[in-house]
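Visitor: File name protein.pdb; file contents PDB, C-alpha atoms; full text below.
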```
ATOM      1  CA  MET L   1     -13.609 140.317 -21.299
ATOM      2  CA  SER L   2     -11.185 137.819 -22.552
ATOM      3  CA  ALA L   3     -11.693 134.088 -22.564
ATOM      4  CA  THR L   4      -8.901 131.973 -21.249
ATOM      5  CA  THR L   5      -8.421 128.308 -21.771
ATOM      6  CA  THR L   6      -6.519 126.044 -19.484
ATOM      7  CA  ALA L   7      -4.667 123.230 -21.118
ATOM      8  CA  GLY L   8      -5.042 120.055 -19.148
ATOM      9  CA  PRO L   9      -2.495 117.291 -18.924
ATOM     10  CA  ALA L  10      -1.754 115.569 -22.194
ATOM     11  CA  ARG L  11      -3.604 112.309 -22.605
ATOM     12  CA  THR L  12      -1.803 109.217 -23.750
ATOM     13  CA  THR L  13      -3.388 106.094 -25.038
ATOM     14  CA  PRO L  14      -1.813 103.161 -23.273
ATOM     15  CA  GLY L  15      -0.560 100.576 -25.688
ATOM     16  CA  PRO L  16      -0.317  96.894 -25.017
ATOM     17  CA  ASN L  17       2.013  96.120 -22.131
ATOM     18  CA  MET L  18       3.476  99.622 -21.603
ATOM     19  CA  ASN L  19       5.876  98.343 -18.965
ATOM     20  CA  ASP L  20       7.538  96.052 -21.506
ATOM     21  CA  SER L  21      10.728  97.838 -22.539
ATOM     22  CA  ARG L  22      11.757  95.245 -25.123
ATOM     23  CA  PRO L  23      12.061  96.576 -28.675
ATOM     24  CA  ARG L  24       9.172  95.662 -30.923
ATOM     25  CA  GLY L  25       9.056  95.332 -34.673
ATOM     26  CA  ARG L  26      12.030  95.458 -36.991
ATOM     27  CA  THR L  27      15.038  97.636 -36.154
ATOM     28  CA  ARG L  28      18.700  97.607 -37.035
ATOM     29  CA  THR L  29      21.681  97.295 -34.737
ATOM     30  CA  GLY L  30      24.902  97.897 -36.567
ATOM     31  CA  THR L  31      24.728  95.767 -39.693
ATOM     32  CA  ARG L  32      22.216  93.205 -38.378
ATOM     33  CA  ALA L  33      18.447  93.400 -38.388
ATOM     34  CA  VAL L  34      16.705  92.925 -35.044
ATOM     35  CA  ILE L  35      13.216  91.460 -34.961
ATOM     36  CA  ASP L  36      11.458  91.490 -31.565
ATOM     37  CA  GLY L  37      14.768  91.832 -29.789
ATOM     38  CA  VAL L  38      16.451  88.934 -31.606
ATOM     39  CA  ALA L  39      19.400  89.699 -33.869
ATOM     40  CA  MET L  40      19.040  88.060 -37.242
ATOM     41  CA  PRO L  41      22.065  86.361 -38.833
ATOM     42  CA  GLY L  42      24.082  88.371 -41.297
ATOM     43  CA  PRO L  43      24.522  87.633 -45.018
ATOM     44  CA  VAL L  44      27.711  85.614 -44.510
ATOM     45  CA  GLU L  45      26.162  83.479 -41.770
ATOM     46  CA  ARG L  46      23.033  82.848 -43.839
ATOM     47  CA  THR L  47      25.151  81.857 -46.828
ATOM     48  CA  VAL L  48      27.226  79.413 -44.774
ATOM     49  CA  LYS L  49      24.078  77.864 -43.265
ATOM     50  CA  GLY L  50      22.518  77.526 -46.693
ATOM     51  CA  ILE L  51      25.608  75.763 -48.071
ATOM     52  CA  VAL L  52      25.787  73.384 -45.097
ATOM     53  CA  LEU L  53      22.079  72.527 -45.307
ATOM     54  CA  THR L  54      22.308  72.004 -49.056
ATOM     55  CA  ILE L  55      25.207  69.582 -48.639
ATOM     56  CA  ALA L  56      23.395  67.727 -45.854
ATOM     57  CA  CYS L  57      20.220  67.388 -47.937
ATOM     58  CA  ALA L  58      22.252  66.187 -50.919
ATOM     59  CA  LEU L  59      23.958  63.522 -48.801
ATOM     60  CA  VAL L  60      20.552  62.266 -47.690
ATOM     61  CA  ILE L  61      18.729  62.477 -51.032
ATOM     62  CA  LEU L  62      21.415  61.280 -53.473
ATOM     63  CA  PRO L  63      21.494  57.652 -52.196
ATOM     64  CA  PHE L  64      17.718  57.383 -52.671
ATOM     65  CA  VAL L  65      17.988  58.916 -56.123
ATOM     66  CA  GLY L  66      20.726  56.443 -57.007
ATOM     67  CA  ILE L  67      18.665  53.471 -55.777
ATOM     68  CA  ILE L  68      15.610  54.488 -57.787
ATOM     69  CA  SER L  69      17.687  55.375 -60.865
ATOM     70  CA  THR L  70      19.538  52.069 -60.810
ATOM     71  CA  SER L  71      16.282  50.119 -60.561
ATOM     72  CA  LEU L  72      14.895  52.002 -63.584
ATOM     73  CA  ALA L  73      18.031  52.144 -65.741
ATOM     74  CA  THR L  74      18.526  49.968 -68.796
ATOM     75  CA  PRO L  75      20.697  46.841 -68.422
ATOM     76  CA  GLU L  76      23.318  48.317 -70.737
ATOM     77  CA  GLN L  77      23.663  51.484 -68.668
ATOM     78  CA  VAL L  78      23.879  49.536 -65.395
ATOM     79  CA  THR L  79      26.629  47.374 -66.854
ATOM     80  CA  GLU L  80      28.552  50.372 -68.187
ATOM     81  CA  ALA L  81      28.243  52.260 -64.885
ATOM     82  CA  GLY L  82      29.532  49.302 -62.890
ATOM     83  CA  GLY L  83      26.307  48.698 -60.987
ATOM     84  CA  PHE L  84      25.213  52.157 -59.752
ATOM     85  CA  VAL L  85      23.458  54.728 -61.944
ATOM     86  CA  LEU L  86      22.705  58.228 -60.719
ATOM     87  CA  LEU L  87      20.959  59.694 -63.783
ATOM     88  CA  PRO L  88      19.516  57.104 -66.179
ATOM     89  CA  THR L  89      19.268  57.977 -69.839
ATOM     90  CA  GLY L  90      16.340  55.597 -70.373
ATOM     91  CA  ILE L  91      13.608  53.934 -68.351
ATOM     92  CA  ASP L  92      13.412  50.145 -68.140
ATOM     93  CA  LEU L  93      10.745  48.534 -65.909
ATOM     94  CA  SER L  94      11.850  44.958 -66.516
ATOM     95  CA  ALA L  95      13.305  44.629 -62.996
ATOM     96  CA  TYR L  96       9.941  45.506 -61.418
ATOM     97  CA  GLN L  97       8.046  43.301 -63.853
ATOM     98  CA  MET L  98      10.150  40.311 -62.922
ATOM     99  CA  ILE L  99      10.026  40.740 -59.126
ATOM    100  CA  PHE L 100       6.225  41.095 -59.358
ATOM    101  CA  ALA L 101       5.852  38.072 -61.646
ATOM    102  CA  GLY L 102       4.714  35.864 -58.756
ATOM    103  CA  GLY L 103       8.020  34.598 -57.401
ATOM    104  CA  VAL L 104       9.596  34.779 -53.977
ATOM    105  CA  VAL L 105       9.538  38.591 -53.831
ATOM    106  CA  THR L 106       5.809  38.838 -54.573
ATOM    107  CA  GLN L 107       4.991  36.199 -51.996
ATOM    108  CA  ALA L 108       7.207  37.863 -49.386
ATOM    109  CA  LEU L 109       5.547  41.209 -50.103
ATOM    110  CA  TRP L 110       2.087  39.793 -49.409
ATOM    111  CA  ILE L 111       3.323  38.164 -46.206
ATOM    112  CA  SER L 112       4.757  41.480 -45.015
ATOM    113  CA  VAL L 113       1.497  43.273 -45.821
ATOM    114  CA  VAL L 114      -0.546  40.681 -43.894
ATOM    115  CA  VAL L 115       1.815  40.646 -40.917
ATOM    116  CA  THR L 116       1.980  44.446 -40.782
ATOM    117  CA  GLY L 117      -1.791  44.890 -41.066
ATOM    118  CA  ILE L 118      -2.771  42.251 -38.521
ATOM    119  CA  GLY L 119       0.129  43.025 -36.207
ATOM    120  CA  THR L 120      -0.458  46.776 -36.121
ATOM    121  CA  THR L 121      -4.196  46.333 -35.500
ATOM    122  CA  LEU L 122      -3.629  43.807 -32.723
ATOM    123  CA  SER L 123      -0.850  45.867 -31.137
ATOM    124  CA  LEU L 124      -2.951  49.039 -31.120
ATOM    125  CA  ALA L 125      -5.880  47.179 -29.568
ATOM    126  CA  LEU L 126      -3.741  45.663 -26.798
ATOM    127  CA  THR L 127      -1.736  48.834 -26.161
ATOM    128  CA  THR L 128      -4.728  51.169 -25.941
ATOM    129  CA  THR L 129      -6.778  48.874 -23.690
ATOM    130  CA  LEU L 130      -3.808  48.260 -21.371
ATOM    131  CA  GLY L 131      -2.909  51.949 -21.366
ATOM    132  CA  TRP L 132      -6.503  52.905 -20.512
ATOM    133  CA  ALA L 133      -6.649  50.359 -17.682
ATOM    134  CA  LEU L 134      -3.362  51.609 -16.229
ATOM    135  CA  SER L 135      -4.555  55.226 -16.385
ATOM    136  CA  ARG L 136      -7.616  54.595 -14.198
ATOM    137  CA  LYS L 137      -6.742  55.727 -10.688
ATOM    138  CA  GLY L 138      -7.931  53.503  -7.892
ATOM    139  CA  ALA L 139      -8.588  50.444 -10.046
ATOM    140  CA  PHE L 140      -7.628  47.073  -8.603
ATOM    141  CA  GLY L 141      -4.081  45.941  -9.398
ATOM    142  CA  VAL L 142      -3.107  49.050 -11.377
ATOM    143  CA  ARG L 143       0.088  49.702  -9.418
ATOM    144  CA  ALA L 144       1.283  46.110  -9.657
ATOM    145  CA  MET L 145       0.554  45.896 -13.393
ATOM    146  CA  LEU L 146       2.256  49.236 -14.040
ATOM    147  CA  LEU L 147       5.302  47.994 -12.138
ATOM    148  CA  VAL L 148       5.420  44.882 -14.345
ATOM    149  CA  VAL L 149       5.278  47.047 -17.468
ATOM    150  CA  LEU L 150       8.061  49.315 -16.223
ATOM    151  CA  ILE L 151      10.254  46.354 -15.258
ATOM    152  CA  SER L 152       9.899  44.939 -18.779
ATOM    153  CA  LEU L 153      11.483  48.160 -20.058
ATOM    154  CA  LEU L 154      14.655  47.366 -18.136
ATOM    155  CA  PHE L 155      14.987  43.605 -18.564
ATOM    156  CA  ASN L 156      14.915  41.727 -21.858
ATOM    157  CA  PRO L 157      14.095  37.993 -21.786
ATOM    158  CA  GLY L 158      16.825  37.154 -24.292
ATOM    159  CA  ILE L 159      16.869  35.219 -27.544
ATOM    160  CA  ILE L 160      16.964  31.654 -26.212
ATOM    161  CA  PRO L 161      14.090  32.005 -23.693
ATOM    162  CA  SER L 162      12.001  33.775 -26.338
ATOM    163  CA  TYR L 163      12.671  31.007 -28.847
ATOM    164  CA  LEU L 164      11.736  28.324 -26.298
ATOM    165  CA  VAL L 165       8.459  30.087 -25.492
ATOM    166  CA  VAL L 166       7.559  30.383 -29.186
ATOM    167  CA  GLN L 167       8.481  26.731 -29.679
ATOM    168  CA  GLN L 168       6.387  25.544 -26.733
ATOM    169  CA  LEU L 169       3.402  27.502 -28.022
ATOM    170  CA  GLY L 170       3.713  25.758 -31.385
ATOM    171  CA  LEU L 171       4.223  28.989 -33.325
ATOM    172  CA  LEU L 172       7.362  28.027 -35.238
ATOM    173  CA  ASP L 173       6.988  28.411 -39.013
ATOM    174  CA  THR L 174       3.707  30.306 -38.588
ATOM    175  CA  LEU L 175       2.977  33.958 -39.222
ATOM    176  CA  TRP L 176       1.885  34.348 -35.588
ATOM    177  CA  ALA L 177       5.540  33.964 -34.610
ATOM    178  CA  LEU L 178       6.142  37.285 -36.376
ATOM    179  CA  ILE L 179       3.226  39.015 -34.620
ATOM    180  CA  ILE L 180       2.659  37.785 -31.065
ATOM    181  CA  PRO L 181       6.198  38.150 -29.587
ATOM    182  CA  THR L 182       6.267  41.876 -30.464
ATOM    183  CA  SER L 183       2.563  42.673 -30.160
ATOM    184  CA  VAL L 184       2.957  44.899 -27.079
ATOM    185  CA  SER L 185       5.707  47.433 -26.491
ATOM    186  CA  ALA L 186       6.129  48.626 -22.908
ATOM    187  CA  PHE L 187       7.365  52.007 -24.111
ATOM    188  CA  ASN L 188       4.254  52.537 -26.241
ATOM    189  CA  VAL L 189       2.037  51.464 -23.331
ATOM    190  CA  VAL L 190       3.658  54.106 -21.116
ATOM    191  CA  VAL L 191       3.173  56.750 -23.822
ATOM    192  CA  VAL L 192      -0.509  55.883 -24.306
ATOM    193  CA  ARG L 193      -1.118  55.753 -20.562
ATOM    194  CA  ALA L 194       0.461  59.200 -20.100
ATOM    195  CA  PHE L 195      -1.886  60.576 -22.774
ATOM    196  CA  PHE L 196      -4.976  59.019 -21.177
ATOM    197  CA  VAL L 197      -3.995  60.384 -17.751
ATOM    198  CA  GLN L 198      -4.007  63.928 -19.190
ATOM    199  CA  LEU L 199      -7.551  63.683 -20.529
ATOM    200  CA  PRO L 200      -9.842  66.306 -18.955
ATOM    201  CA  ASN L 201     -11.616  64.917 -15.916
ATOM    202  CA  GLU L 202     -14.614  67.171 -16.597
ATOM    203  CA  VAL L 203     -15.467  65.277 -19.777
ATOM    204  CA  ILE L 204     -15.106  61.872 -18.111
ATOM    205  CA  ASP L 205     -17.096  62.938 -15.029
ATOM    206  CA  ALA L 206     -19.869  64.312 -17.223
ATOM    207  CA  ALA L 207     -20.054  61.012 -19.079
ATOM    208  CA  ARG L 208     -20.162  59.078 -15.812
ATOM    209  CA  ILE L 209     -23.076  61.239 -14.627
ATOM    210  CA  ASP L 210     -24.882  60.377 -17.860
ATOM    211  CA  GLY L 211     -24.445  56.702 -17.018
ATOM    212  CA  ALA L 212     -21.541  55.747 -19.285
ATOM    213  CA  THR L 213     -19.776  52.504 -18.446
ATOM    214  CA  GLU L 214     -16.001  52.097 -18.390
ATOM    215  CA  TRP L 215     -16.057  50.528 -21.851
ATOM    216  CA  GLN L 216     -18.176  53.402 -23.202
ATOM    217  CA  LEU L 217     -15.733  55.901 -21.675
ATOM    218  CA  PHE L 218     -12.861  54.180 -23.449
ATOM    219  CA  TRP L 219     -14.634  53.716 -26.795
ATOM    220  CA  ARG L 220     -16.505  57.025 -27.078
ATOM    221  CA  ILE L 221     -14.181  59.427 -25.223
ATOM    222  CA  GLY L 222     -10.725  57.926 -24.824
ATOM    223  CA  LEU L 223     -10.172  56.721 -28.385
ATOM    224  CA  PRO L 224     -11.679  59.720 -30.253
ATOM    225  CA  LEU L 225      -9.545  62.136 -28.227
ATOM    226  CA  SER L 226      -6.382  60.061 -28.623
ATOM    227  CA  LYS L 227      -6.006  60.156 -32.417
ATOM    228  CA  PRO L 228      -2.619  61.942 -32.285
ATOM    229  CA  VAL L 229      -1.022  59.399 -29.964
ATOM    230  CA  LEU L 230      -2.670  56.529 -31.838
ATOM    231  CA  ALA L 231      -1.183  57.831 -35.093
ATOM    232  CA  VAL L 232       2.306  57.992 -33.596
ATOM    233  CA  VAL L 233       2.099  54.614 -31.842
ATOM    234  CA  GLY L 234       0.483  53.029 -34.898
ATOM    235  CA  LEU L 235       3.314  54.325 -37.075
ATOM    236  CA  PHE L 236       5.868  52.907 -34.635
ATOM    237  CA  TYR L 237       4.203  49.499 -34.684
ATOM    238  CA  GLY L 238       3.656  49.511 -38.448
ATOM    239  CA  VAL L 239       7.237  50.425 -39.277
ATOM    240  CA  GLY L 240       8.466  47.898 -36.722
ATOM    241  CA  TYR L 241       6.473  45.042 -38.253
ATOM    242  CA  TRP L 242       7.339  46.080 -41.804
ATOM    243  CA  ASN L 243      11.086  46.322 -41.163
ATOM    244  CA  ALA L 244      11.401  43.298 -38.864
ATOM    245  CA  PHE L 245      13.520  40.442 -40.159
ATOM    246  CA  PHE L 246      15.240  39.024 -37.067
ATOM    247  CA  ASN L 247      12.147  37.205 -35.756
ATOM    248  CA  ALA L 248      11.676  35.622 -39.181
ATOM    249  CA  LEU L 249      15.331  34.625 -39.157
ATOM    250  CA  LEU L 250      14.826  32.904 -35.780
ATOM    251  CA  TYR L 251      11.389  31.352 -36.141
ATOM    252  CA  MET L 252      10.999  30.713 -39.890
ATOM    253  CA  SER L 253      12.817  27.792 -41.468
ATOM    254  CA  ASP L 254      10.365  27.633 -44.377
ATOM    255  CA  ALA L 255      11.581  30.076 -47.031
ATOM    256  CA  SER L 256       8.089  30.297 -48.544
ATOM    257  CA  LYS L 257       6.944  32.152 -45.398
ATOM    258  CA  TRP L 258       9.717  34.719 -45.303
ATOM    259  CA  PRO L 259       8.663  38.397 -45.123
ATOM    260  CA  LEU L 260      10.021  40.956 -47.548
ATOM    261  CA  GLN L 261      12.753  42.221 -45.236
ATOM    262  CA  LEU L 262      14.292  38.776 -44.860
ATOM    263  CA  VAL L 263      14.220  38.357 -48.640
ATOM    264  CA  LEU L 264      15.816  41.791 -48.911
ATOM    265  CA  ARG L 265      18.543  40.750 -46.490
ATOM    266  CA  THR L 266      19.177  37.495 -48.345
ATOM    267  CA  TYR L 267      19.394  38.897 -51.855
ATOM    268  CA  VAL L 268      20.722  42.398 -51.181
ATOM    269  CA  VAL L 269      22.811  42.320 -48.002
ATOM    270  CA  ASP L 270      24.103  38.763 -48.318
ATOM    271  CA  GLY L 271      24.449  39.082 -52.104
ATOM    272  CA  ALA L 272      22.597  35.882 -53.044
ATOM    273  CA  GLN L 273      21.794  35.620 -56.756
ATOM    274  CA  LEU L 274      18.186  35.929 -57.921
ATOM    275  CA  GLY L 275      17.535  33.312 -60.575
ATOM    276  CA  SER L 276      14.589  32.776 -62.858
ATOM    277  CA  GLN L 277      13.306  30.011 -60.564
ATOM    278  CA  ASP L 278      13.258  32.479 -57.633
ATOM    279  CA  LEU L 279      11.329  35.013 -59.684
ATOM    280  CA  GLY L 280       8.842  32.460 -60.973
ATOM    281  CA  ILE L 281       9.531  33.154 -64.639
ATOM    282  CA  ASP L 282      11.215  31.491 -67.587
ATOM    283  CA  ALA L 283      13.606  34.114 -68.815
ATOM    284  CA  ALA L 284      16.766  33.463 -70.719
ATOM    285  CA  ALA L 285      18.151  36.958 -70.027
ATOM    286  CA  LEU L 286      17.525  38.525 -66.645
ATOM    287  CA  PRO L 287      18.219  42.176 -65.785
ATOM    288  CA  PRO L 288      21.453  42.821 -63.902
ATOM    289  CA  GLN L 289      21.422  41.628 -60.299
ATOM    290  CA  THR L 290      21.997  45.201 -59.130
ATOM    291  CA  SER L 291      18.783  46.356 -60.836
ATOM    292  CA  LEU L 292      16.809  43.534 -59.228
ATOM    293  CA  GLN L 293      18.298  44.263 -55.814
ATOM    294  CA  MET L 294      17.575  47.997 -56.071
ATOM    295  CA  ALA L 295      14.014  47.266 -57.224
ATOM    296  CA  ILE L 296      13.432  45.097 -54.137
ATOM    297  CA  LEU L 297      14.876  47.872 -51.982
ATOM    298  CA  VAL L 298      12.536  50.451 -53.528
ATOM    299  CA  VAL L 299       9.519  48.174 -52.976
ATOM    300  CA  SER L 300      10.480  47.816 -49.303
ATOM    301  CA  ILE L 301      10.807  51.598 -48.811
ATOM    302  CA  VAL L 302       7.824  52.964 -50.743
ATOM    303  CA  PRO L 303       4.968  51.757 -48.453
ATOM    304  CA  VAL L 304       6.380  53.593 -45.426
ATOM    305  CA  LEU L 305       6.912  56.744 -47.488
ATOM    306  CA  LEU L 306       3.297  56.594 -48.694
ATOM    307  CA  VAL L 307       1.769  56.073 -45.248
ATOM    308  CA  TYR L 308       3.839  58.604 -43.310
ATOM    309  CA  PRO L 309       2.382  61.820 -44.866
ATOM    310  CA  PHE L 310      -1.162  60.786 -43.927
ATOM    311  CA  LEU L 311      -0.178  60.255 -40.269
ATOM    312  CA  GLN L 312       2.174  63.212 -39.939
ATOM    313  CA  ARG L 313      -0.657  65.737 -39.668
ATOM    314  CA  HIS L 314      -1.817  64.095 -36.428
ATOM    315  CA  PHE L 315       1.537  64.482 -34.683
ATOM    316  CA  ALA L 316       1.169  68.127 -33.661
ATOM    317  CA  LYS L 317      -2.570  68.494 -34.077
ATOM    318  CA  GLY L 318      -4.336  69.199 -30.794
ATOM    319  CA  MET L 319      -7.404  67.025 -30.515
ATOM    320  CA  LEU L 320      -8.371  68.389 -27.061
ATOM    321  CA  THR L 321      -9.121  71.892 -28.336
ATOM    322  CA  GLY L 322     -12.687  72.729 -27.415
ATOM    323  CA  ALA L 323     -13.279  69.502 -25.495
ATOM    324  CA  VAL L 324     -13.598  71.443 -22.234
ATOM    325  CA  LYS L 325     -15.580  74.675 -22.255
ATOM    326  CA  GLY L 326     -16.093  77.124 -19.476
TER     327      GLY L 326
END
```
Go ahead and render the structure in this file as C-alpha cells.
Guide:
Amino acid sequence: MSATTTAGPARTTPGPNMNDSRPRGRTRTGTRAVIDGVAMPGPVERTVKGIVLTIACALVILPFVGIISTSLATPEQVTEAGGFVLLPTGIDLSAYQMIFAGGVVTQALWISVVVTGIGTTLSLALTTTLGWALSRKGAFGVRAMLLVVLISLLFNPGIIPSYLVVQQLGLLDTLWALIIPTSVSAFNVVVVRAFFVQLPNEVIDAARIDGATEWQLFWRIGLPLSKPVLAVVGLFYGVGYWNAFFNALLYMSDASKWPLQLVLRTYVVDGAQLGSQDLGIDAAALPPQTSLQMAILVVSIVPVLLVYPFLQRHFAKGMLTGAVKG
C-alpha cells in the first residue's frame, strides 16, 4: 500500500489593504527614488532648492544680525562703518545702559508693558465672553448681535468719528485711549465663536445634567478646552497692543505718556536726535545716534520674540483629544 498526499490550495496571508495597488516602501524609477508612490526630487533639484532657501534665510536673518551688531558695536567701529555694523569686533553696552537710565525710552517701555498687559487681558475677557454668548444656539438676541459683529468687519468708523468718541468719553491723554478703542476685534470674536461652536455637545450636555450653570459651562469647560485658540488670539492682541503707535499719535499730546513704538517712530523713523536730557543722564559723550536707535529697535523686538515660543506649542496642539469617549 502506498500513501498518497493531496496538496491543497496554497494559502496566502492577506496583507493590509490587498486591493491597494499603489507601490509601498522605497523603490527607484529611472534615476529618482520613489517613496509611497511619490517621486523624490533629484540631486540637482535638491541643490537648487537648498541654495534658494539659504539665500532667502540670509535675506531675513542678516538685517536682524546687523541691528543687534550695530547696537553692540563700539562707537569707533560704528563711525568707521558709516552707521551699520554687521560683525562687531568688540562689545559695547553703553547704548543699552543709556536708554535704560530712566529717560524717555525707559518710561515708554513701562507704558507699553502696562498697556499690553492690561489690554490683552481685557481683550481676551471680552472676546471669549462675547464669543461664548454668540455660540449658544437659541439664546435671545444671538442672531442680531452676530449680525452687528459681522457688519463691523465690513465698515470702519473712520479716524474723525473715533477721535470724537474718545474725546467725548474724556479719554484723551490717558492710557485707556490706547486700550479701549481696540479692546475687541470682530475677526477674533468670529474665530473664538467658531471654536466654541465645535465643542462636543456630549460634554456640555453631561455638565448640564449635573446641574452646571451657563457661567460654569464657560469657566470650567469652554475656557479649559479653548487654550489653543486663546493662545493664538492672545498673541494677536498682545502683538497688536505692543506694536500700536497710531492711536498714541492721535490721542496722546503728552510726550511723557508715549508708548515705546511712538518713541521708536520719533527717534528712528523720523530721525530725531536723542540728547542727554531725553535719556535722563548727564553725559558729555553719547554713543552714536545709530547705536542708540538700533538699541531701541532691539528692545522693541525682543519681548515678542521671547513670548512667541511659549505660545507656539498651543497652535497645533489638539486640546479636545480624549474629551469625548465612547
Visitor: Quick check, in Å to one decimal: how far apart do CA of Leu292 (chain L) and CA of Gly117 (chain L) lie?
Guide: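 Distance reported for this atom pair: 26.0 Å.
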Visitor: From the options L:Val149, L:Phe246, L:Glu214, L:Leu172, which residue's atoms come nearest to Asn188 (chain L), counting all atoms listed in the file?
Guide: L:Val149
Visitor: What's around region 217-221 of chain L at 10 Å? Count all atoms listed in the file, leave out sequence neighbours fewer than 5 positions away in its own chain, and write the answer as an MDAnalysis selection string.
Guide: chainID L and resid 128:129 132:133 196 199 203:205 207:208 211:212 226
Visitor: Mind writing the picked residues with C-alpha atoms as a CSV table (one decimal), keeping the file's coordinate frame?
Guide:
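Written out: result06.csv:
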```csv
chain,number,residue,atom,x,y,z
L,128,THR,CA,-4.7,51.2,-25.9
L,129,THR,CA,-6.8,48.9,-23.7
L,132,TRP,CA,-6.5,52.9,-20.5
L,133,ALA,CA,-6.6,50.4,-17.7
L,196,PHE,CA,-5.0,59.0,-21.2
L,199,LEU,CA,-7.6,63.7,-20.5
L,203,VAL,CA,-15.5,65.3,-19.8
L,204,ILE,CA,-15.1,61.9,-18.1
L,205,ASP,CA,-17.1,62.9,-15.0
L,207,ALA,CA,-20.1,61.0,-19.1
L,208,ARG,CA,-20.2,59.1,-15.8
L,211,GLY,CA,-24.4,56.7,-17.0
L,212,ALA,CA,-21.5,55.7,-19.3
L,226,SER,CA,-6.4,60.1,-28.6
```
Visitor: Residues at most 8 Å from Leu279 (chain L), counting all atoms listed in the file, excluding those fewer than 5 positions away in the same chain, as a VMD selection string?
Guide: chain L and resid 98 to 105 274
Visitor: On this structure, the PyMOL selection byres ((chain L and resi 171) around 12) would catch which residues? List them as a PyMOL selection string, sorted by chain and number.
Guide: chain L and resi 162-170+172-181+247-248+250-253
Visitor: In Å, rounded to a single decimal, give me how far CA of Thr120 (chain L) is from CA of Ser185 (chain L).
Guide: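 Separation of CA of Ser185 (chain L) and CA of Thr120 (chain L): 11.5 Å.
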Visitor: Skip Gly82 (chain L) itself and residues of its chain fewer than 5 positions away, then list as a PyMOL selection string all residues within 12 Å of it, counting all atoms listed in the file.
Guide: chain L and resi 70+75-77+288-291
Visitor: Limited to C-alpha atoms, could you put the picked residues into a file as a short mmCIF file (atom, residue, chain, number, x, y, z; two decimals), in the coordinates of the input?
Guide:
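Listed below is the output, out-v9.cif:
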```cif
data_model
loop_
_atom_site.label_atom_id
_atom_site.label_comp_id
_atom_site.auth_asym_id
_atom_site.auth_seq_id
_atom_site.Cartn_x
_atom_site.Cartn_y
_atom_site.Cartn_z
CA THR L 70 19.54 52.07 -60.81
CA PRO L 75 20.70 46.84 -68.42
CA GLU L 76 23.32 48.32 -70.74
CA GLN L 77 23.66 51.48 -68.67
CA PRO L 288 21.45 42.82 -63.90
CA GLN L 289 21.42 41.63 -60.30
CA THR L 290 22.00 45.20 -59.13
CA SER L 291 18.78 46.36 -60.84
#
```
Visitor: Measure the distance from CA of Gly50 (chain L) to CA of Gly66 (chain L) in Å and round it to one decimal.
Guide: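 That distance, rounded to one decimal, is 23.5 Å.
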Visitor: Can you pull out the residues contacting Leu262 (chain L)? Cut-off 8 Å, using only C-alpha atoms, and skip same-chain residues under 3 positions away; I want them as an MDAnalysis selection string.
Guide: chainID L and resid 245:246 248:249 258:259 265:266
Visitor: Determine the nearest neighbour of Phe236 (chain L) from the options L:Val304, L:Ile281, L:Leu93, L:Leu150, counting all atoms listed in the file.
Guide: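 Comparing L:Val304, L:Ile281, L:Leu93, L:Leu150 against Phe236 (chain L), the winner is L:Val304.
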Visitor: Dig up all the protein and nucleic acid residues within 6 Å of (1.1, 43.1, -27.3) in the file frame, using only C-alpha atoms, and format them as an NGL selection string.
Guide: :L and (123 or 126 or 183-184)
Visitor: Which one of L:Val115, L:Val229, L:Leu223, L:Leu72 sits closest to Thr182 (chain L) if you count only C-alpha atoms?
Guide: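 The closest residue to Thr182 (chain L) is L:Val115.
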Visitor: Counting only C-alpha atoms, which residue out of L:Ala295, L:Ala272, L:Leu62, L:Val189 sits closest to Leu146 (chain L)?
Guide: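 The answer is L:Val189, which sits nearest to Leu146 (chain L).
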Visitor: Counting all atoms listed in the file, which residue out of L:Val268, L:Ile296, L:Leu306, L:Leu230 sits closest to Thr121 (chain L)?
Guide: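 Comparing L:Val268, L:Ile296, L:Leu306, L:Leu230 against Thr121 (chain L), the winner is L:Leu230.
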